[in-house]
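Peer 1: Provided below: query05.tsv, containing TSV, C-alpha atoms and all ligand atoms.
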chain	number	residue	atom	x	y	z
A	43	MET	CA	-53.21	103.57	184.46
A	44	SER	CA	-52.13	101.21	181.76
A	45	VAL	CA	-53.42	97.70	181.27
A	46	ARG	CA	-51.81	94.97	183.35
A	47	LEU	CA	-50.59	91.65	182.04
A	48	SER	CA	-51.12	88.43	183.98
A	49	VAL	CA	-49.46	85.42	182.37
A	50	ASN	CA	-51.42	82.16	182.48
A	51	LEU	CA	-49.04	79.23	182.97
A	52	ASN	CA	-51.51	76.39	182.34
A	53	LYS	CA	-49.83	75.45	179.07
A	54	VAL	CA	-46.42	75.14	180.73
A	55	ALA	CA	-48.06	72.61	183.05
A	56	VAL	CA	-49.53	70.74	180.09
A	57	LEU	CA	-46.05	70.29	178.64
A	58	ARG	CA	-44.64	69.19	181.99
A	59	ASN	CA	-47.49	66.77	182.62
A	60	SER	CA	-46.99	65.11	179.24
A	61	ARG	CA	-43.85	63.43	180.65
A	62	GLY	CA	-44.83	63.28	184.28
A	63	GLY	CA	-41.63	64.90	185.59
A	64	ALA	CA	-40.85	68.37	186.89
A	65	GLU	CA	-39.80	70.11	183.65
A	66	PRO	CA	-40.58	72.64	182.40
A	67	ASP	CA	-40.70	74.08	185.88
A	68	LEU	CA	-43.64	76.37	186.57
A	69	VAL	CA	-41.90	78.33	189.29
A	70	ARG	CA	-38.99	79.11	186.99
A	71	ALA	CA	-41.42	80.08	184.24
A	72	ALA	CA	-43.29	82.37	186.64
A	73	ARG	CA	-40.08	84.03	187.80
A	74	THR	CA	-38.99	84.52	184.19
A	75	CYS	CA	-42.29	86.22	183.33
A	76	LEU	CA	-42.19	88.43	186.42
A	77	ASP	CA	-38.51	89.32	185.93
A	78	ALA	CA	-39.46	90.37	182.39
A	79	GLY	CA	-42.08	92.73	183.83
A	80	ALA	CA	-45.34	90.79	183.84
A	81	HIS	CA	-47.70	92.17	186.46
A	82	GLY	CA	-49.01	88.87	187.73
A	83	ILE	CA	-49.51	85.16	187.26
A	84	THR	CA	-52.73	83.32	186.44
A	85	VAL	CA	-53.52	79.63	186.66
A	86	HIS	CA	-56.74	77.76	186.08
A	87	PRO	CA	-56.49	74.35	187.76
A	88	ARG	CA	-59.16	71.93	186.57
A	89	PRO	CA	-60.65	69.12	188.69
A	90	ASP	CA	-59.09	66.54	186.36
A	91	ALA	CA	-55.64	68.08	187.02
A	92	ARG	CA	-54.78	68.15	183.31
A	93	HIS	CA	-53.09	71.53	183.70
A	94	THR	CA	-51.83	73.10	186.90
A	95	ARG	CA	-52.27	71.05	190.08
A	96	HIS	CA	-52.74	71.62	193.78
A	97	ASP	CA	-49.00	71.84	194.50
A	98	ASP	CA	-48.52	74.29	191.60
A	99	VAL	CA	-51.14	76.59	193.08
A	100	LEU	CA	-49.32	76.63	196.41
A	101	ALA	CA	-45.91	77.19	194.80
A	102	LEU	CA	-47.07	79.95	192.45
A	103	ALA	CA	-48.98	81.73	195.20
A	104	GLY	CA	-45.68	81.79	197.09
A	105	VAL	CA	-43.79	83.22	194.10
A	106	CYS	CA	-46.37	85.97	193.69
A	107	ARG	CA	-46.17	86.76	197.40
A	108	ASP	CA	-42.36	87.00	197.15
A	109	TYR	CA	-42.58	89.35	194.17
A	110	GLY	CA	-45.47	91.35	195.62
A	111	VAL	CA	-47.59	90.82	192.51
A	112	GLU	CA	-51.10	89.62	191.85
A	113	PHE	CA	-51.87	85.91	191.88
A	114	ASN	CA	-55.04	85.30	189.88
A	115	LEU	CA	-56.65	81.95	190.56
A	116	GLU	CA	-59.33	80.87	188.11
A	117	GLY	CA	-61.83	78.08	188.48
A	118	ASN	CA	-65.36	76.82	188.57
A	119	PRO	CA	-66.75	77.33	192.08
A	120	PHE	CA	-69.49	74.75	191.44
A	121	ALA	CA	-67.18	71.87	190.49
A	122	PRO	CA	-67.09	69.40	193.38
A	123	PRO	CA	-63.77	68.46	194.99
A	124	ARG	CA	-62.21	65.18	194.00
A	125	SER	CA	-59.00	63.30	194.62
A	126	GLY	CA	-56.13	65.70	193.88
A	127	TYR	CA	-58.43	68.73	193.58
A	128	ALA	CA	-59.59	70.40	196.76
A	129	GLY	CA	-62.18	72.51	195.00
A	130	PHE	CA	-61.94	76.14	193.96
A	131	LEU	CA	-63.17	77.66	197.20
A	132	ALA	CA	-60.89	75.45	199.29
A	133	LEU	CA	-57.91	76.45	197.14
A	134	CYS	CA	-58.81	80.11	197.58
A	135	GLU	CA	-59.10	79.61	201.34
A	136	LEU	CA	-55.66	78.04	201.33
A	137	VAL	CA	-53.72	80.59	199.28
A	138	ARG	CA	-55.96	83.69	199.37
A	139	PRO	CA	-55.22	84.83	195.83
A	140	ALA	CA	-55.28	88.56	195.22
A	141	GLN	CA	-57.88	87.87	192.56
A	142	ALA	CA	-60.30	84.96	192.27
A	143	THR	CA	-61.81	84.61	188.80
A	144	LEU	CA	-64.89	82.43	188.70
A	145	VAL	CA	-65.44	80.57	185.43
A	146	PRO	CA	-68.46	78.32	184.72
A	147	ASP	CA	-66.74	75.53	182.82
A	148	ASP	CA	-66.78	71.80	183.36
A	149	ASP	CA	-64.41	68.95	182.71
A	150	ALA	CA	-66.08	68.06	179.45
A	151	GLN	CA	-64.96	71.36	177.93
A	152	LEU	CA	-61.64	71.48	176.15
A	153	THR	CA	-61.25	74.98	177.54
A	154	SER	CA	-63.40	77.80	178.91
A	155	ASP	CA	-65.94	78.75	176.27
A	156	HIS	CA	-68.64	80.89	177.90
A	157	GLY	CA	-69.35	83.22	180.78
A	158	PHE	CA	-71.98	83.05	183.52
A	159	ASP	CA	-75.69	83.40	183.02
A	160	PHE	CA	-75.99	85.98	185.79
A	161	GLY	CA	-79.77	85.73	186.02
A	162	ARG	CA	-79.74	81.96	186.44
A	163	ASP	CA	-76.60	81.75	188.62
A	164	GLU	CA	-77.20	84.80	190.82
A	165	ALA	CA	-78.43	82.98	193.94
A	166	ALA	CA	-75.65	80.39	193.80
A	167	LEU	CA	-72.92	82.94	193.15
A	168	ARG	CA	-73.85	85.49	195.79
A	169	PRO	CA	-72.64	83.57	198.91
A	170	LEU	CA	-69.50	82.38	197.13
A	171	VAL	CA	-68.60	85.89	196.05
A	172	ALA	CA	-69.21	87.12	199.61
A	173	ARG	CA	-67.00	84.37	201.05
A	174	LEU	CA	-64.18	85.14	198.62
A	175	ALA	CA	-64.44	88.85	199.34
A	176	ASP	CA	-64.24	88.03	203.07
A	177	LEU	CA	-61.00	86.18	202.34
A	178	GLY	CA	-59.63	89.41	200.89
A	179	CYS	CA	-59.84	88.35	197.24
A	180	ARG	CA	-60.89	90.67	194.47
A	181	VAL	CA	-63.64	88.69	192.79
A	182	SER	CA	-64.00	88.64	189.03
A	183	LEU	CA	-66.75	86.81	187.13
A	184	PHE	CA	-66.24	85.43	183.62
A	185	ALA	CA	-68.72	87.15	181.33
A	186	ASP	CA	-69.85	86.95	177.74
A	187	ALA	CA	-70.14	90.09	175.66
A	188	GLY	CA	-73.80	91.00	175.80
A	189	SER	CA	-74.42	89.45	179.22
A	190	ASP	CA	-76.28	91.29	181.97
A	191	VAL	CA	-73.23	92.57	183.82
A	192	ALA	CA	-75.23	94.92	186.05
A	193	ARG	CA	-76.33	91.71	187.80
A	194	ALA	CA	-72.67	90.77	188.34
A	195	ALA	CA	-72.34	93.99	190.31
A	196	ALA	CA	-75.52	93.19	192.26
A	197	ILE	CA	-74.05	89.77	193.10
A	198	GLY	CA	-71.16	91.57	194.78
A	199	ALA	CA	-68.37	91.01	192.23
A	200	HIS	CA	-65.61	93.59	191.91
A	201	ARG	CA	-64.82	92.92	188.26
A	202	ILE	CA	-65.89	90.96	185.24
A	203	GLU	CA	-63.55	89.20	182.87
A	204	LEU	CA	-64.77	89.49	179.30
A	205	TYR	CA	-64.54	86.12	177.54
A	206	THR	CA	-62.68	87.19	174.41
A	207	GLY	CA	-62.82	83.90	172.48
A	208	PRO	CA	-65.47	85.19	170.03
A	209	TYR	CA	-63.41	88.33	169.39
A	210	ALA	CA	-60.30	86.24	168.67
A	211	GLU	CA	-62.27	84.10	166.23
A	212	ALA	CA	-63.70	87.14	164.47
A	213	PHE	CA	-60.24	88.71	164.30
A	214	ALA	CA	-58.75	85.54	162.81
A	215	ALA	CA	-61.53	85.53	160.21
A	216	GLY	CA	-60.65	89.13	159.28
A	217	ARG	CA	-63.88	90.50	160.77
A	218	PRO	CA	-63.03	91.91	164.22
A	219	GLY	CA	-65.59	94.66	163.68
A	220	THR	CA	-68.41	92.13	163.90
A	221	ALA	CA	-67.50	91.21	167.48
A	222	LEU	CA	-66.18	94.45	168.94
A	223	PRO	CA	-69.44	96.40	169.42
A	224	GLY	CA	-70.74	93.79	171.89
A	225	PHE	CA	-67.53	93.97	173.91
A	226	ILE	CA	-67.52	97.77	173.88
A	227	ALA	CA	-71.12	97.94	175.10
A	228	THR	CA	-70.54	95.32	177.80
A	229	ALA	CA	-67.38	97.02	179.06
A	230	ARG	CA	-69.27	100.32	179.24
A	231	ALA	CA	-72.16	98.68	181.09
A	232	ALA	CA	-69.72	97.09	183.55
A	233	SER	CA	-67.99	100.38	184.25
A	234	ALA	CA	-71.34	102.11	184.67
A	235	ALA	CA	-72.28	99.44	187.23
A	236	GLY	CA	-69.06	100.12	189.17
A	237	LEU	CA	-67.23	97.00	188.01
A	238	GLY	CA	-63.65	96.78	186.84
A	239	VAL	CA	-63.06	95.10	183.50
A	240	ASN	CA	-60.60	92.30	182.76
A	241	ALA	CA	-60.36	90.38	179.51
A	242	GLY	CA	-59.00	87.05	178.41
A	243	HIS	CA	-59.09	83.99	176.24
A	244	ASP	CA	-57.21	83.52	173.00
A	245	LEU	CA	-55.74	86.99	173.10
A	246	SER	CA	-52.43	87.14	171.23
A	247	GLN	CA	-49.80	89.57	169.99
A	248	ALA	CA	-51.78	89.79	166.75
A	249	ASN	CA	-55.19	90.64	168.18
A	250	LEU	CA	-54.51	92.31	171.55
A	251	GLY	CA	-53.77	95.87	170.42
A	252	ALA	CA	-56.93	96.21	168.33
A	253	PHE	CA	-59.01	94.92	171.24
A	254	LEU	CA	-57.53	97.35	173.73
A	255	ASP	CA	-57.86	100.24	171.29
A	256	ALA	CA	-61.56	99.55	170.88
A	257	VAL	CA	-62.77	98.36	174.27
A	258	PRO	CA	-62.71	101.03	177.00
A	259	GLY	CA	-61.46	100.61	180.53
A	260	VAL	CA	-59.76	97.21	180.38
A	261	GLU	CA	-57.61	96.94	183.51
A	262	GLU	CA	-56.04	93.52	183.10
A	263	VAL	CA	-55.56	90.87	180.46
A	264	SER	CA	-54.69	87.27	181.31
A	265	ILE	CA	-52.96	85.51	178.45
A	266	GLY	CA	-51.64	81.97	178.26
A	267	HIS	CA	-52.17	79.79	175.22
A	268	ALA	CA	-50.87	82.17	172.56
A	269	LEU	CA	-48.15	83.64	174.76
A	270	ILE	CA	-46.65	80.26	175.67
A	271	GLY	CA	-46.85	79.18	172.03
A	272	GLU	CA	-45.12	82.35	170.82
A	273	ALA	CA	-42.47	81.86	173.49
A	274	LEU	CA	-41.40	78.67	171.71
A	275	TYR	CA	-40.07	80.84	168.91
A	276	ASP	CA	-38.85	83.91	170.72
A	277	GLY	CA	-38.26	82.90	174.34
A	278	LEU	CA	-40.48	83.55	177.34
A	279	ALA	CA	-38.91	86.78	178.57
A	280	THR	CA	-38.81	88.33	175.10
A	281	THR	CA	-42.42	87.34	174.48
A	282	VAL	CA	-43.60	88.84	177.76
A	283	ARG	CA	-41.77	92.08	176.89
A	284	ARG	CA	-43.51	92.15	173.52
A	285	TYR	CA	-46.90	91.94	175.22
A	286	LEU	CA	-45.87	94.68	177.61
A	287	ALA	CA	-44.90	96.84	174.64
A	288	ILE	CA	-48.34	96.27	173.12
A	289	ILE	CA	-50.18	97.25	176.30
A	290	SER	CA	-47.88	100.05	177.32
A	291	GLY	CA	-49.67	103.39	177.21
A	292	ARG	CA	-53.03	101.82	176.35
B	301	LIG	C1	-60.86	81.51	181.79
B	301	LIG	C2	-60.01	81.28	180.63
B	301	LIG	O1	-60.35	81.63	179.53
B	301	LIG	C3	-58.70	80.63	180.80
B	301	LIG	O2	-58.43	80.26	182.10
B	301	LIG	C4	-58.60	79.46	179.98
B	301	LIG	O3	-59.55	78.52	180.37
B	301	LIG	C5	-57.21	78.86	180.10
B	301	LIG	O4	-57.03	78.10	179.05
B	301	LIG	P1	-56.62	76.58	179.12
B	301	LIG	O5	-57.80	75.86	178.65
B	301	LIG	O6	-55.50	76.54	178.17
B	301	LIG	O7	-56.27	76.25	180.49
B	302	LIG	N1	-58.46	84.17	181.65
B	302	LIG	C1	-57.90	83.85	180.41
B	302	LIG	C2	-56.60	83.23	180.60
B	302	LIG	O1	-56.12	83.11	181.70
B	302	LIG	C3	-55.81	82.76	179.47
B	302	LIG	O2	-56.56	82.29	178.39
B	302	LIG	P1	-55.73	81.82	177.10
B	302	LIG	O3	-54.83	82.97	176.69
B	302	LIG	O4	-54.93	80.63	177.53
B	302	LIG	O5	-56.77	81.51	176.08
As structure tokens, how would this structure be written, given the file I've shared?

Peer 2:
Amino acid sequence: MSVRLSVNLNKVAVLRNSRGGAEPDLVRAARTCLDAGAHGITVHPRPDARHTRHDDVLALAGVCRDYGVEFNLEGNPFAPPRSGYAGFLALCELVRPAQATLVPDDDAQLTSDHGFDFGRDEAALRPLVARLADLGCRVSLFADAGSDVARAAAIGAHRIELYTGPYAEAFAAGRPGTALPGFIATARAASAAGLGVNAGHDLSQANLGAFLDAVPGVEEVSIGHALIGEALYDGLATTVRRYLAIISGR
């Protein structure tokens, strides 16, 4: 089966939030992506609500239900709730996303920049993963290349999402070969442990094909920042179709 594309709409929310109104409209953006053939929608609401917000999560979960596609909700399960942010687990309980991707970031980070330390976080993750699985979510854990992904399987996760930021940086520097072996080995270890493999962060039209050619068994990529930026030049539907052309048959 070929790789699936989930479009992350956080950056559409950033643009909307910059003026405080309703445009650009996330639901319209989601429908445009799905009409163009995207396989799902991802959002990563942060406790400080700088990107997608509580009401966006509800609306986009509804769109994905209508289309019969995967809604992938990302977040830090350890971040406490606060005004305007119910907390990751509470959001999952509310909308029951097809996939819940747990990411260990905090508000101080500009964006996600590392995966879990599975040894350290194992005891805390285990009951959360079990609860999410009980809700019917596929549970994916954000993972660095080189991390102990066999422990992610022992924790009860269904998939890992490889944090591809270091690959994107190496690619941009003209040295993708320095990063790829770690991703290849980690993807193999995940598959051997019975985990599915997702990938995301700073993937783009430029670097995606080489990643998928090298790293075995990737089932889904979630792409936002580059895709929304490229859409400024070429349009959202056209850009989604270009990503689909890159992943098709891989
Ligand atoms: C887990 C991950 O890599 C993405 O969710 C990323 O954090 C989204 O990027 P933004 O920082 O643009 O929301
Ligand atoms: N999980 C990664 C994601 O959703 C999008 O990351 P990016 O393409 O915005 O860097």

Peer 1: To one decimal place in Å, what is the distance between atom CA of A:Ala234 and atom CA of A:Gln247?

Peer 2: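 Pair atom CA of A:Ala234 / atom CA of A:Gln247 returns 28.9 Å.
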
Peer 1: Give the centre and edge lengths of an axis-aligned box, in Å to one decimal, that holds all listed atoms of ligand LIG 302 (chain B) with 4 Å on each side, as JSON.

Peer 2:
{"center_x": -56.6, "center_y": 82.4, "center_z": 178.9, "size_x": 11.6, "size_y": 11.5, "size_z": 13.6}

Peer 1: Given only C-alpha atoms as the basis, pick out the residue of A:Leu167, A:Ala227, A:Ser264, A:Leu152 nearest to A:Tyr205.

Peer 2: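 For A:Tyr205, the nearest of the candidates is A:Ser264.
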
Peer 1: Can you list every residue of chain A that has an atom at most 9 Å from ligand LIG 302 (chain B), with its nearest atom pair and the distance in Å to one decimal, using all atoms listed in the file, ordered by chain then number, as JSON lines?

Peer 2:
{"residue": "A:Ser48", "atom": "CA", "partner": "B:LIG302", "partner_atom": "O1", "distance": 7.6}
{"residue": "A:Val49", "atom": "CA", "partner": "B:LIG302", "partner_atom": "O1", "distance": 7.1}
{"residue": "A:Asn50", "atom": "CA", "partner": "B:LIG302", "partner_atom": "O1", "distance": 4.9}
{"residue": "A:Leu51", "atom": "CA", "partner": "B:LIG302", "partner_atom": "O4", "distance": 8.1}
{"residue": "A:Asn52", "atom": "CA", "partner": "B:LIG302", "partner_atom": "O4", "distance": 7.3}
{"residue": "A:Lys53", "atom": "CA", "partner": "B:LIG302", "partner_atom": "O4", "distance": 7.4}
{"residue": "A:Ile83", "atom": "CA", "partner": "B:LIG302", "partner_atom": "O1", "distance": 8.9}
{"residue": "A:Thr84", "atom": "CA", "partner": "B:LIG302", "partner_atom": "O1", "distance": 5.8}
{"residue": "A:Val85", "atom": "CA", "partner": "B:LIG302", "partner_atom": "O1", "distance": 6.6}
{"residue": "A:His86", "atom": "CA", "partner": "B:LIG302", "partner_atom": "O1", "distance": 6.9}
{"residue": "A:Asn114", "atom": "CA", "partner": "B:LIG302", "partner_atom": "O1", "distance": 8.5}
{"residue": "A:Leu115", "atom": "CA", "partner": "B:LIG302", "partner_atom": "O1", "distance": 9.0}
{"residue": "A:Glu116", "atom": "CA", "partner": "B:LIG302", "partner_atom": "N1", "distance": 7.3}
{"residue": "A:Thr143", "atom": "CA", "partner": "B:LIG302", "partner_atom": "N1", "distance": 7.9}
{"residue": "A:Val145", "atom": "CA", "partner": "B:LIG302", "partner_atom": "N1", "distance": 8.7}
{"residue": "A:Thr153", "atom": "CA", "partner": "B:LIG302", "partner_atom": "O5", "distance": 8.1}
{"residue": "A:Ser154", "atom": "CA", "partner": "B:LIG302", "partner_atom": "O5", "distance": 8.1}
{"residue": "A:Phe184", "atom": "CA", "partner": "B:LIG302", "partner_atom": "N1", "distance": 8.1}
{"residue": "A:Glu203", "atom": "CA", "partner": "B:LIG302", "partner_atom": "N1", "distance": 7.3}
{"residue": "A:Leu204", "atom": "CA", "partner": "B:LIG302", "partner_atom": "N1", "distance": 8.6}
{"residue": "A:Tyr205", "atom": "CA", "partner": "B:LIG302", "partner_atom": "C1", "distance": 7.6}
{"residue": "A:Thr206", "atom": "CA", "partner": "B:LIG302", "partner_atom": "O5", "distance": 8.4}
{"residue": "A:Gly207", "atom": "CA", "partner": "B:LIG302", "partner_atom": "O5", "distance": 7.4}
{"residue": "A:Asn240", "atom": "CA", "partner": "B:LIG302", "partner_atom": "N1", "distance": 8.5}
{"residue": "A:Ala241", "atom": "CA", "partner": "B:LIG302", "partner_atom": "N1", "distance": 6.8}
{"residue": "A:Gly242", "atom": "CA", "partner": "B:LIG302", "partner_atom": "C1", "distance": 3.9}
{"residue": "A:His243", "atom": "CA", "partner": "B:LIG302", "partner_atom": "O5", "distance": 3.4}
{"residue": "A:Asp244", "atom": "CA", "partner": "B:LIG302", "partner_atom": "O5", "distance": 3.7}
{"residue": "A:Leu245", "atom": "CA", "partner": "B:LIG302", "partner_atom": "O3", "distance": 5.5}
{"residue": "A:Ser246", "atom": "CA", "partner": "B:LIG302", "partner_atom": "O3", "distance": 7.3}
{"residue": "A:Val263", "atom": "CA", "partner": "B:LIG302", "partner_atom": "N1", "distance": 7.4}
{"residue": "A:Ser264", "atom": "CA", "partner": "B:LIG302", "partner_atom": "O1", "distance": 4.4}
{"residue": "A:Ile265", "atom": "CA", "partner": "B:LIG302", "partner_atom": "O3", "distance": 3.6}
{"residue": "A:Gly266", "atom": "CA", "partner": "B:LIG302", "partner_atom": "O4", "distance": 3.6}
{"residue": "A:His267", "atom": "CA", "partner": "B:LIG302", "partner_atom": "O4", "distance": 3.7}
{"residue": "A:Ala268", "atom": "CA", "partner": "B:LIG302", "partner_atom": "O3", "distance": 5.8}
{"residue": "A:Leu269", "atom": "CA", "partner": "B:LIG302", "partner_atom": "O3", "distance": 7.0}
{"residue": "A:Ile270", "atom": "CA", "partner": "B:LIG302", "partner_atom": "O4", "distance": 8.5}

Peer 1: Could you tell me how far atom CA of A:Asp255 sits from atom CA of A:Tyr285, in Å to one decimal place?

Peer 2: 14.3 Å

Peer 1: Quick one: everything within 12 Å of A:Ala256, counting all atoms listed in the file, minus sequence neighbours fewer than 4 positions away in the same chain. Send it as a ChimeraX atom specification.

Peer 2: /A:209,218-219,221-227,229-230,249-252,260,292

Peer 1: Env of A:His96: 9 Å cut, atoms = only C-alpha atoms, seq-sep filter 3 positions within chain, self excluded. Answer as a VMD selection string.

Peer 2: chain A and resid 87 91 99 to 101 126 to 128 133

Peer 1: Record the distance separating atom CA of A:Gln141 and atom CA of A:Ser125, expressed in Å with one decimal.

Peer 2: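 Those two atoms sit 24.7 Å apart.
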